[in-house]
Amino acid sequence: MRKAVAVLICACALVACRPREVVTNSSPPVPENEATKKARDLIRPIAPIDKSLLGAQLGPDGAVSQEAGQFESGQTVYLTLWLHDSPVGLKTNAVWYGPDQKEIFSEQKEMNGAKIATFALNRKLPAGRYRVEGHWGGNLAADKSFEVVASTKKGPS
């Protein structure tokens with residue numbers, strides 16, 4: 001009887017020590033349709049910013065103090081980004097686009113831990129619709145549209 005118990009214990013130990021089989025899903029992957037691919041390609045990661053403002057007036061902290069969507073030709077347009085996170089090595093940038101959606105100006109700043117970044121477009125722009133994108137690292141953080149109208153100021157007579 002002792003031999004039978006010893007054989008039974010050895011058999012159980014061998015079964016318990018046997019490597020487990022890896023179970024794999026043998027079903028083929030579900031193919032993406034074109035609509036899903038386009039939607040995935042259009043999704044951009046959201047950057048960790050608290051807010052962004054576009055305007056012509058800066059406060060004492062050097063940030064836009066009042067949001068505006070319309071500017072006179074020759075007026076400086078500012079974009080301010082308030083960052084939630086500013087890790088070591090972070091760079092922010094602003095890319096300004098003209099009425100034909102062509103890039104007209106770009107500016108990049110190294111943050112060095114700072115939480116506020118203000119960018120300025122100080123070119124005399126013709127009347128039309130414009131756009132600016134603010135980026136946190138490589139991620140889109142703000143996308144603002146604005147309009148430039150002819151200046152109402154009269155020159156010297």
# chains A, B, ... in the order shown; residues from 1 in each chain; ligands from 1
$ residues_around --residues "Glu147 in chain A" --least-positions-apart "6" --cutoff "8 Å" --atoms "only C-alpha atoms" --output "PyMOL selection string"
chain A and resi 69-71+127-130
$ residues_around --residues "range 132-137 of chain A" --least-positions-apart "5" --cutoff "12 Å" --atoms "only C-alpha atoms" --output "ChimeraX atom specification"
/A:44-55,69,77-99,101-111,115-121,142-147
$ write_last_selection --atoms "C-alpha atoms" --output "mmCIF file, in the first residue's frame"
data_model
loop_
_atom_site.group_PDB
_atom_site.id
_atom_site.type_symbol
_atom_site.label_atom_id
_atom_site.label_comp_id
_atom_site.auth_asym_id
_atom_site.auth_seq_id
_atom_site.Cartn_x
_atom_site.Cartn_y
_atom_site.Cartn_z
ATOM 1 C CA ARG A 44 -5.123 64.223 -31.739
ATOM 2 C CA PRO A 45 -4.032 63.751 -28.164
ATOM 3 C CA ILE A 46 -5.221 66.538 -25.887
ATOM 4 C CA ALA A 47 -2.401 68.453 -24.238
ATOM 5 C CA PRO A 48 -2.525 69.181 -20.510
ATOM 6 C CA ILE A 49 -3.355 72.873 -20.501
ATOM 7 C CA ASP A 50 -5.752 74.704 -18.206
ATOM 8 C CA LYS A 51 -6.892 77.326 -20.723
ATOM 9 C CA SER A 52 -5.887 79.424 -23.717
ATOM 10 C CA LEU A 53 -6.843 82.965 -24.695
ATOM 11 C CA LEU A 54 -6.426 84.987 -27.868
ATOM 12 C CA GLY A 55 -6.451 88.771 -27.560
ATOM 13 C CA GLY A 69 -11.860 87.310 -31.968
ATOM 14 C CA VAL A 77 -2.435 89.418 -31.823
ATOM 15 C CA TYR A 78 -1.402 87.398 -28.754
ATOM 16 C CA LEU A 79 -2.025 83.760 -27.825
ATOM 17 C CA THR A 80 -1.492 82.688 -24.215
ATOM 18 C CA LEU A 81 -1.423 79.086 -23.017
ATOM 19 C CA TRP A 82 -1.783 78.269 -19.313
ATOM 20 C CA LEU A 83 -0.128 74.894 -18.816
ATOM 21 C CA HIS A 84 -1.278 72.299 -16.335
ATOM 22 C CA ASP A 85 2.015 70.423 -16.625
ATOM 23 C CA SER A 86 5.443 71.723 -17.617
ATOM 24 C CA PRO A 87 7.894 68.826 -17.507
ATOM 25 C CA VAL A 88 11.636 69.189 -18.016
ATOM 26 C CA GLY A 89 12.486 69.736 -21.690
ATOM 27 C CA LEU A 90 8.979 70.841 -22.690
ATOM 28 C CA LYS A 91 8.695 73.157 -25.694
ATOM 29 C CA THR A 92 5.542 74.992 -26.693
ATOM 30 C CA ASN A 93 4.910 76.671 -29.989
ATOM 31 C CA ALA A 94 2.362 78.680 -31.933
ATOM 32 C CA VAL A 95 1.752 78.331 -35.653
ATOM 33 C CA TRP A 96 -0.164 81.138 -37.360
ATOM 34 C CA TYR A 97 -2.097 80.473 -40.574
ATOM 35 C CA GLY A 98 -3.377 82.915 -43.202
ATOM 36 C CA PRO A 99 -6.736 83.001 -45.001
ATOM 37 C CA GLN A 101 -4.475 78.062 -44.496
ATOM 38 C CA LYS A 102 -0.792 78.487 -45.351
ATOM 39 C CA GLU A 103 1.615 78.971 -42.476
ATOM 40 C CA ILE A 104 2.616 82.621 -42.126
ATOM 41 C CA PHE A 105 4.609 82.544 -38.882
ATOM 42 C CA SER A 106 5.785 80.100 -36.221
ATOM 43 C CA GLU A 107 7.393 80.630 -32.832
ATOM 44 C CA GLN A 108 8.735 78.106 -30.300
ATOM 45 C CA LYS A 109 9.548 78.545 -26.612
ATOM 46 C CA GLU A 110 11.430 76.339 -24.165
ATOM 47 C CA MET A 111 9.343 76.299 -21.006
ATOM 48 C CA LYS A 115 3.374 77.432 -16.688
ATOM 49 C CA ILE A 116 2.434 80.389 -18.955
ATOM 50 C CA ALA A 117 3.479 80.908 -22.578
ATOM 51 C CA THR A 118 2.490 83.964 -24.627
ATOM 52 C CA PHE A 119 3.089 84.184 -28.367
ATOM 53 C CA ALA A 120 2.761 87.330 -30.487
ATOM 54 C CA LEU A 121 1.955 87.922 -34.132
ATOM 55 C CA ALA A 142 -5.352 75.253 -28.713
ATOM 56 C CA ASP A 143 -6.899 76.033 -32.083
ATOM 57 C CA LYS A 144 -8.285 79.571 -32.342
ATOM 58 C CA SER A 145 -9.771 81.377 -35.332
ATOM 59 C CA PHE A 146 -9.856 85.146 -35.621
ATOM 60 C CA GLU A 147 -10.646 87.891 -38.077
#
$ atom_distance --atom1 "CA of Ala63 in chain A" --atom2 "CA of Thr76 in chain A"
13.3 Å
$ closest_residue --among "A:Ser151, A:Asn112, A:Gln66, A:Gln57" --to "Leu125 in chain A" --atoms "only C-alpha atoms"
A:Ser151
$ closest_residue --among "A:Leu140, A:Val148, A:Met1, A:Ala114" --to "Ala68 in chain A" --atoms "only C-alpha atoms"
A:Val148
$ select_by_dssp --residues "range 30-138 of chain A" --states "strand (DSSP E)" --output "PyMOL selection string"
chain A and resi 49-55+70-72+77-83+91-97+103-110+116-121+128-136
$ write_last_selection --atoms "C-alpha atoms" --output "compact mmCIF listing (two decimals), in the first residue's frame"
# COMPACT_ATOMS: atom_id res chain seq x y z
CA ILE A 49 -3.35 72.87 -20.50
CA ASP A 50 -5.75 74.70 -18.21
CA LYS A 51 -6.89 77.33 -20.72
CA SER A 52 -5.89 79.42 -23.72
CA LEU A 53 -6.84 82.96 -24.70
CA LEU A 54 -6.43 84.99 -27.87
CA GLY A 55 -6.45 88.77 -27.56
CA GLN A 70 -11.54 90.41 -34.14
CA PHE A 71 -8.49 92.61 -34.60
CA GLU A 72 -7.62 95.68 -36.65
CA VAL A 77 -2.44 89.42 -31.82
CA TYR A 78 -1.40 87.40 -28.75
CA LEU A 79 -2.03 83.76 -27.83
CA THR A 80 -1.49 82.69 -24.21
CA LEU A 81 -1.42 79.09 -23.02
CA TRP A 82 -1.78 78.27 -19.31
CA LEU A 83 -0.13 74.89 -18.82
CA LYS A 91 8.69 73.16 -25.69
CA THR A 92 5.54 74.99 -26.69
CA ASN A 93 4.91 76.67 -29.99
CA ALA A 94 2.36 78.68 -31.93
CA VAL A 95 1.75 78.33 -35.65
CA TRP A 96 -0.16 81.14 -37.36
CA TYR A 97 -2.10 80.47 -40.57
CA GLU A 103 1.62 78.97 -42.48
CA ILE A 104 2.62 82.62 -42.13
CA PHE A 105 4.61 82.54 -38.88
CA SER A 106 5.79 80.10 -36.22
CA GLU A 107 7.39 80.63 -32.83
CA GLN A 108 8.73 78.11 -30.30
CA LYS A 109 9.55 78.54 -26.61
CA GLU A 110 11.43 76.34 -24.16
CA ILE A 116 2.43 80.39 -18.95
CA ALA A 117 3.48 80.91 -22.58
CA THR A 118 2.49 83.96 -24.63
CA PHE A 119 3.09 84.18 -28.37
CA ALA A 120 2.76 87.33 -30.49
CA LEU A 121 1.95 87.92 -34.13
CA GLY A 128 -9.42 88.23 -43.66
CA ARG A 129 -9.90 85.15 -41.50
CA TYR A 130 -6.87 83.67 -39.74
CA ARG A 131 -6.11 80.82 -37.38
CA VAL A 132 -3.50 79.95 -34.77
CA GLU A 133 -2.59 76.59 -33.28
CA GLY A 134 -0.85 76.36 -29.91
CA HIS A 135 1.12 73.20 -29.22
CA TRP A 136 2.25 71.60 -25.94
